[in-house]
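Have a look at the structure below, then the notes.
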Amino acid sequence: MSLQIVHFNDPALRKKGAKVTRFDAALRSFADDMVATMHAAAGIGLAAQQVGRAIQLCVADLRAVENEFSWELDGARPPLELFMPMVVVNPEVIPVPQPELVYEEGCLSFPGIRGDVTRPDEVTVKFQDGHGTPHVLRCNGLLARCLQHEADHLNGVLFIDRMEPATLAAIDAELKAPKKRTREAAKA
Ligand code: ZN
């Protein structure tokens, strides 16, 4: 089932997600719906806040992207097909501070809007899957960027918060459109 994605600046996007403590069928069904919603929107990541729920759960699927990146999951290097789409619960992101790279990010809650964001290229992510099993993923490139972007969502942080003032000024006019639509949808 596809869920409704909320757009900037719906208040749900600013809520810090509660830690997930129950790994039951309802949680896994919600995660399945998140994956279906992400695929329907042709995104590579989606956080629970973006469908109006403030919990520490996001999903990611980078099988279709062309970018090169590397990863090590629980000390092995399984093919992407074996662990994607990923359900990432209660993530803790530990960045490798250098190098930091600039990349033009988009976000399903900001349709059509892109802007440069600087982030560390490599991270270690400690998380649980939909069954509560703990994992450690070390990765770089677009996978590391995607997980940093999604983990930010889980804490109510948006990519615009990480943009340089000049980047933000350049997209300021574009931000008015989703703001207005969200305001009008709230009234309807
Ligand atoms: Zn996003």
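The chains in the structure tokens are called A, B, ... from first to last as shown; in each chain the residues are counted from 1, and the ligands are counted from 1 in the order shown.
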> Using only C-alpha atoms, which residues sit within 6 Å of stretch 99-108 of chain A once same-chain residues fewer than 4 positions away are excluded, as number ranges by chain?
Replying inline: A: 114-121
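Counting only C-alpha atoms, stretch 148-157 of chain A has the following residues at most 6 Å away, ignoring those fewer than 3 positions along the same chain: Leu13, Arg14, Lys15, Lys16, Gly17, Ala47, Gln56 and Arg145 of chain A.
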Selection to disk with N, CA and C atoms, as a PDB file, in the first residue's frame:
```pdb
ATOM      1  N   LEU A  13       7.436  16.915   9.597  1.00  0.00           N
ATOM      2  CA  LEU A  13       8.847  16.833   9.182  1.00  0.00           C
ATOM      3  C   LEU A  13       9.803  17.341  10.254  1.00  0.00           C
ATOM      4  N   ARG A  14       9.283  18.081  11.220  1.00  0.00           N
ATOM      5  CA  ARG A  14      10.140  18.658  12.259  1.00  0.00           C
ATOM      6  C   ARG A  14      10.106  17.880  13.569  1.00  0.00           C
ATOM      7  N   LYS A  15       9.380  16.754  13.577  1.00  0.00           N
ATOM      8  CA  LYS A  15       9.283  15.976  14.821  1.00  0.00           C
ATOM      9  C   LYS A  15      10.424  14.978  14.943  1.00  0.00           C
ATOM     10  N   LYS A  16      10.997  14.932  16.131  1.00  0.00           N
ATOM     11  CA  LYS A  16      12.028  13.925  16.396  1.00  0.00           C
ATOM     12  C   LYS A  16      11.326  12.581  16.574  1.00  0.00           C
ATOM     13  N   GLY A  17      11.850  11.545  15.945  1.00  0.00           N
ATOM     14  CA  GLY A  17      11.192  10.244  15.995  1.00  0.00           C
ATOM     15  C   GLY A  17      11.414   9.523  17.307  1.00  0.00           C
ATOM     16  N   ALA A  47      11.917   8.476   5.004  1.00  0.00           N
ATOM     17  CA  ALA A  47      11.860   8.412   6.462  1.00  0.00           C
ATOM     18  C   ALA A  47      10.408   8.467   6.934  1.00  0.00           C
ATOM     19  N   GLN A  56      11.663   6.232  14.734  1.00  0.00           N
ATOM     20  CA  GLN A  56      13.020   6.066  14.202  1.00  0.00           C
ATOM     21  C   GLN A  56      13.060   4.910  13.200  1.00  0.00           C
ATOM     22  N   ARG A 145      25.573   8.982   1.982  1.00  0.00           N
ATOM     23  CA  ARG A 145      24.846  10.250   1.906  1.00  0.00           C
ATOM     24  C   ARG A 145      23.360  10.042   2.145  1.00  0.00           C
TER      25      ARG A 145
END
```
> With only C-alpha atoms and all ligand atoms as the basis for distance, which of A:Pro95, A:Gly75, A:Gly132, A:Gly43 is at the shortest distance from ligand 1?
Replying inline: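 Nearest candidate to ligand 1 out of A:Pro95, A:Gly75, A:Gly132, A:Gly43: A:Gly43.
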> stretch 7-168 of chain A: which residues are alpha helix (DSSP H) by DSSP, as an MDAnalysis selection string?
Replying inline: chainID A and resid 25:40 80:83 141:154 165:168
Using N, CA and C atoms, can you write the selected residues to a file as an mmCIF file, in the first residue's frame?
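Done, and the output landed in part.cif:
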```
data_model
loop_
_atom_site.group_PDB
_atom_site.id
_atom_site.type_symbol
_atom_site.label_atom_id
_atom_site.label_comp_id
_atom_site.auth_asym_id
_atom_site.auth_seq_id
_atom_site.Cartn_x
_atom_site.Cartn_y
_atom_site.Cartn_z
ATOM 1 N N ALA A 25 4.584 -7.464 13.726
ATOM 2 C CA ALA A 25 4.102 -7.541 12.342
ATOM 3 C C ALA A 25 3.612 -6.184 11.863
ATOM 4 N N ALA A 26 3.047 -5.373 12.770
ATOM 5 C CA ALA A 26 2.546 -4.053 12.375
ATOM 6 C C ALA A 26 3.701 -3.154 11.924
ATOM 7 N N LEU A 27 4.843 -3.262 12.621
ATOM 8 C CA LEU A 27 6.010 -2.456 12.237
ATOM 9 C C LEU A 27 6.512 -2.894 10.857
ATOM 10 N N ARG A 28 6.575 -4.203 10.649
ATOM 11 C CA ARG A 28 7.087 -4.696 9.361
ATOM 12 C C ARG A 28 6.123 -4.365 8.220
ATOM 13 N N SER A 29 4.833 -4.363 8.503
ATOM 14 C CA SER A 29 3.850 -3.999 7.496
ATOM 15 C C SER A 29 3.990 -2.512 7.141
ATOM 16 N N PHE A 30 4.227 -1.677 8.166
ATOM 17 C CA PHE A 30 4.469 -0.250 7.922
ATOM 18 C C PHE A 30 5.731 -0.070 7.071
ATOM 19 N N ALA A 31 6.779 -0.823 7.391
ATOM 20 C CA ALA A 31 8.031 -0.727 6.628
ATOM 21 C C ALA A 31 7.806 -1.147 5.171
ATOM 22 N N ASP A 32 6.993 -2.189 4.951
ATOM 23 C CA ASP A 32 6.671 -2.619 3.584
ATOM 24 C C ASP A 32 5.964 -1.493 2.828
ATOM 25 N N ASP A 33 5.039 -0.820 3.517
ATOM 26 C CA ASP A 33 4.322 0.296 2.887
ATOM 27 C C ASP A 33 5.273 1.446 2.573
ATOM 28 N N MET A 34 6.248 1.671 3.453
ATOM 29 C CA MET A 34 7.237 2.729 3.204
ATOM 30 C C MET A 34 8.068 2.402 1.960
ATOM 31 N N VAL A 35 8.460 1.126 1.830
ATOM 32 C CA VAL A 35 9.248 0.714 0.658
ATOM 33 C C VAL A 35 8.410 0.900 -0.610
ATOM 34 N N ALA A 36 7.138 0.486 -0.573
ATOM 35 C CA ALA A 36 6.264 0.633 -1.743
ATOM 36 C C ALA A 36 6.107 2.110 -2.114
ATOM 37 N N THR A 37 5.994 2.957 -1.087
ATOM 38 C CA THR A 37 5.817 4.401 -1.303
ATOM 39 C C THR A 37 7.084 5.002 -1.921
ATOM 40 N N MET A 38 8.247 4.584 -1.392
ATOM 41 C CA MET A 38 9.527 5.067 -1.927
ATOM 42 C C MET A 38 9.692 4.647 -3.382
ATOM 43 N N HIS A 39 9.385 3.393 -3.685
ATOM 44 C CA HIS A 39 9.511 2.914 -5.063
ATOM 45 C C HIS A 39 8.544 3.653 -5.991
ATOM 46 N N ALA A 40 7.307 3.861 -5.533
ATOM 47 C CA ALA A 40 6.312 4.547 -6.370
ATOM 48 C C ALA A 40 6.758 5.970 -6.688
ATOM 49 N N LEU A 80 24.171 -6.117 -3.106
ATOM 50 C CA LEU A 80 23.080 -5.210 -2.727
ATOM 51 C C LEU A 80 21.727 -5.918 -2.732
ATOM 52 N N GLU A 81 21.549 -6.840 -3.703
ATOM 53 C CA GLU A 81 20.256 -7.531 -3.837
ATOM 54 C C GLU A 81 19.897 -8.300 -2.568
ATOM 55 N N LEU A 82 20.910 -8.663 -1.772
ATOM 56 C CA LEU A 82 20.629 -9.453 -0.572
ATOM 57 C C LEU A 82 20.129 -8.615 0.597
ATOM 58 N N PHE A 83 20.434 -7.310 0.611
ATOM 59 C CA PHE A 83 19.985 -6.516 1.774
ATOM 60 C C PHE A 83 19.213 -5.251 1.416
ATOM 61 N N GLY A 141 30.112 7.164 -0.225
ATOM 62 C CA GLY A 141 29.423 7.580 -1.446
ATOM 63 C C GLY A 141 27.940 7.819 -1.240
ATOM 64 N N LEU A 142 27.153 7.487 -2.277
ATOM 65 C CA LEU A 142 25.732 7.825 -2.239
ATOM 66 C C LEU A 142 24.973 7.065 -1.152
ATOM 67 N N LEU A 143 25.430 5.855 -0.829
ATOM 68 C CA LEU A 143 24.751 5.111 0.245
ATOM 69 C C LEU A 143 24.936 5.828 1.587
ATOM 70 N N ALA A 144 26.164 6.290 1.846
ATOM 71 C CA ALA A 144 26.434 7.018 3.094
ATOM 72 C C ALA A 144 25.654 8.324 3.125
ATOM 73 N N ARG A 145 25.573 8.982 1.982
ATOM 74 C CA ARG A 145 24.846 10.250 1.906
ATOM 75 C C ARG A 145 23.360 10.042 2.145
ATOM 76 N N CYS A 146 22.809 9.013 1.493
ATOM 77 C CA CYS A 146 21.384 8.714 1.638
ATOM 78 C C CYS A 146 21.050 8.429 3.103
ATOM 79 N N LEU A 147 21.861 7.608 3.755
ATOM 80 C CA LEU A 147 21.560 7.246 5.148
ATOM 81 C C LEU A 147 21.732 8.440 6.089
ATOM 82 N N GLN A 148 22.667 9.324 5.795
ATOM 83 C CA GLN A 148 22.806 10.539 6.617
ATOM 84 C C GLN A 148 21.587 11.442 6.441
ATOM 85 N N HIS A 149 21.128 11.569 5.181
ATOM 86 C CA HIS A 149 19.942 12.391 4.888
ATOM 87 C C HIS A 149 18.711 11.824 5.604
ATOM 88 N N GLU A 150 18.536 10.494 5.536
ATOM 89 C CA GLU A 150 17.353 9.868 6.165
ATOM 90 C C GLU A 150 17.447 9.920 7.692
ATOM 91 N N ALA A 151 18.631 9.670 8.246
ATOM 92 C CA ALA A 151 18.786 9.729 9.708
ATOM 93 C C ALA A 151 18.515 11.147 10.212
ATOM 94 N N ASP A 152 18.874 12.158 9.427
ATOM 95 C CA ASP A 152 18.525 13.537 9.782
ATOM 96 C C ASP A 152 17.006 13.681 9.905
ATOM 97 N N HIS A 153 16.275 13.154 8.908
ATOM 98 C CA HIS A 153 14.802 13.232 8.948
ATOM 99 C C HIS A 153 14.263 12.681 10.270
ATOM 100 N N LEU A 154 14.869 11.587 10.744
ATOM 101 C CA LEU A 154 14.367 10.932 11.956
ATOM 102 C C LEU A 154 14.540 11.827 13.185
ATOM 103 N N PRO A 165 24.161 29.374 3.206
ATOM 104 C CA PRO A 165 23.191 30.462 2.994
ATOM 105 C C PRO A 165 22.993 30.819 1.516
ATOM 106 N N ALA A 166 24.059 30.791 0.727
ATOM 107 C CA ALA A 166 23.929 31.174 -0.685
ATOM 108 C C ALA A 166 23.101 30.141 -1.453
ATOM 109 N N THR A 167 23.282 28.844 -1.121
ATOM 110 C CA THR A 167 22.505 27.776 -1.768
ATOM 111 C C THR A 167 21.031 27.931 -1.414
ATOM 112 N N LEU A 168 20.793 28.207 -0.149
ATOM 113 C CA LEU A 168 19.425 28.364 0.344
ATOM 114 C C LEU A 168 18.763 29.575 -0.313
#
```
>> Going by DSSP on the backbone, which residues of stretch 51-125 of chain A come out as strand (DSSP E or B)? List them as number ranges by chain.
In response: A: 55, 57-60, 71-73, 76, 86-105, 115-125
> Leaving out stretch 172-180 of chain A and any residue of its chain fewer than 4 positions from it, which residues lie within 9 Å of it when counting only C-alpha atoms, given as a ChimeraX atom specification?
Replying inline: /A:7-10,109-113,167-168,184-185
Let's have the selection written as a PDB file, in the first residue's frame, with N, CA, C and O atoms.
```
ATOM      1  N   HIS A   7       4.841  17.156   2.370  1.00  0.00           N
ATOM      2  CA  HIS A   7       5.814  18.076   1.791  1.00  0.00           C
ATOM      3  C   HIS A   7       6.153  19.188   2.772  1.00  0.00           C
ATOM      4  O   HIS A   7       5.399  19.469   3.711  1.00  0.00           O
ATOM      5  N   PHE A   8       7.289  19.821   2.521  1.00  0.00           N
ATOM      6  CA  PHE A   8       7.718  21.006   3.260  1.00  0.00           C
ATOM      7  C   PHE A   8       6.583  22.039   3.255  1.00  0.00           C
ATOM      8  O   PHE A   8       5.982  22.236   2.217  1.00  0.00           O
ATOM      9  N   ASN A   9       6.229  22.717   4.323  1.00  0.00           N
ATOM     10  CA  ASN A   9       6.789  22.507   5.626  1.00  0.00           C
ATOM     11  C   ASN A   9       5.756  21.940   6.599  1.00  0.00           C
ATOM     12  O   ASN A   9       5.463  22.552   7.628  1.00  0.00           O
ATOM     13  N   ASP A  10       5.276  20.763   6.275  1.00  0.00           N
ATOM     14  CA  ASP A  10       4.360  20.044   7.157  1.00  0.00           C
ATOM     15  C   ASP A  10       5.046  19.856   8.528  1.00  0.00           C
ATOM     16  O   ASP A  10       6.214  19.465   8.588  1.00  0.00           O
ATOM     17  N   SER A 109      10.173  15.134  -0.048  1.00  0.00           N
ATOM     18  CA  SER A 109       9.288  16.127   0.581  1.00  0.00           C
ATOM     19  C   SER A 109       9.489  17.529   0.005  1.00  0.00           C
ATOM     20  O   SER A 109       8.830  18.479   0.426  1.00  0.00           O
ATOM     21  N   PHE A 110      10.424  17.629  -0.965  1.00  0.00           N
ATOM     22  CA  PHE A 110      10.690  18.904  -1.649  1.00  0.00           C
ATOM     23  C   PHE A 110      10.681  18.629  -3.156  1.00  0.00           C
ATOM     24  O   PHE A 110      11.731  18.662  -3.807  1.00  0.00           O
ATOM     25  N   PRO A 111       9.502  18.325  -3.730  1.00  0.00           N
ATOM     26  CA  PRO A 111       9.471  17.880  -5.130  1.00  0.00           C
ATOM     27  C   PRO A 111      10.131  18.887  -6.077  1.00  0.00           C
ATOM     28  O   PRO A 111       9.823  20.075  -6.025  1.00  0.00           O
ATOM     29  N   GLY A 112      11.029  18.378  -6.905  1.00  0.00           N
ATOM     30  CA  GLY A 112      11.652  19.204  -7.940  1.00  0.00           C
ATOM     31  C   GLY A 112      12.751  20.128  -7.444  1.00  0.00           C
ATOM     32  O   GLY A 112      13.357  20.851  -8.220  1.00  0.00           O
ATOM     33  N   ILE A 113      13.030  20.132  -6.144  1.00  0.00           N
ATOM     34  CA  ILE A 113      14.013  21.069  -5.584  1.00  0.00           C
ATOM     35  C   ILE A 113      15.299  20.321  -5.256  1.00  0.00           C
ATOM     36  O   ILE A 113      15.267  19.257  -4.647  1.00  0.00           O
ATOM     37  N   THR A 167      23.282  28.844  -1.121  1.00  0.00           N
ATOM     38  CA  THR A 167      22.505  27.776  -1.768  1.00  0.00           C
ATOM     39  C   THR A 167      21.031  27.931  -1.414  1.00  0.00           C
ATOM     40  O   THR A 167      20.144  27.826  -2.272  1.00  0.00           O
ATOM     41  N   LEU A 168      20.793  28.207  -0.149  1.00  0.00           N
ATOM     42  CA  LEU A 168      19.425  28.364   0.344  1.00  0.00           C
ATOM     43  C   LEU A 168      18.763  29.575  -0.313  1.00  0.00           C
ATOM     44  O   LEU A 168      17.589  29.516  -0.718  1.00  0.00           O
ATOM     45  N   GLU A 184      -2.360  25.050   2.109  1.00  0.00           N
ATOM     46  CA  GLU A 184      -3.714  24.913   1.559  1.00  0.00           C
ATOM     47  C   GLU A 184      -4.309  23.545   1.839  1.00  0.00           C
ATOM     48  O   GLU A 184      -5.496  23.436   2.109  1.00  0.00           O
ATOM     49  N   ALA A 185      -3.459  22.508   1.819  1.00  0.00           N
ATOM     50  CA  ALA A 185      -3.943  21.157   2.127  1.00  0.00           C
ATOM     51  C   ALA A 185      -4.405  21.082   3.584  1.00  0.00           C
ATOM     52  O   ALA A 185      -5.379  20.396   3.899  1.00  0.00           O
TER      53      ALA A 185
END
```
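Picture a line from atom CA of A:Phe23 to atom CA of A:Gly130; it runs 6.2 Å.
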>> Which residue is closest to ligand 1? Choose from A:Leu158, A:Ala18, A:Ala76, A:Leu137 and count only C-alpha atoms and all ligand atoms.
In response: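 Result for the nearest residue to ligand 1: A:Leu158.
For the pair atom CA of A:Asn140 and atom CA of A:Ala169, the separation is 28.8 Å.
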> Restricting the calculation to only C-alpha atoms, which member of A:Val89, A:Val123, A:Pro97, A:Ala186 is positioned closest to A:Pro11?
Replying inline: A:Ala186
>> Under the rule that only C-alpha atoms and all ligand atoms are counted, which of A:Leu46, A:Val96, A:Leu57, A:Lys126 is the nearest residue to ligand 1?
In response: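 Of A:Leu46, A:Val96, A:Leu57, A:Lys126, the one nearest ligand 1, counting only C-alpha atoms and all ligand atoms, is A:Leu46.
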>> Restricting the calculation to only C-alpha atoms and all ligand atoms: of A:Ala54, A:Ile160, A:Val65, A:Val88, which residue gets closest to ligand 1?
In response: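 Selected residue with least distance to ligand 1: A:Ile160.
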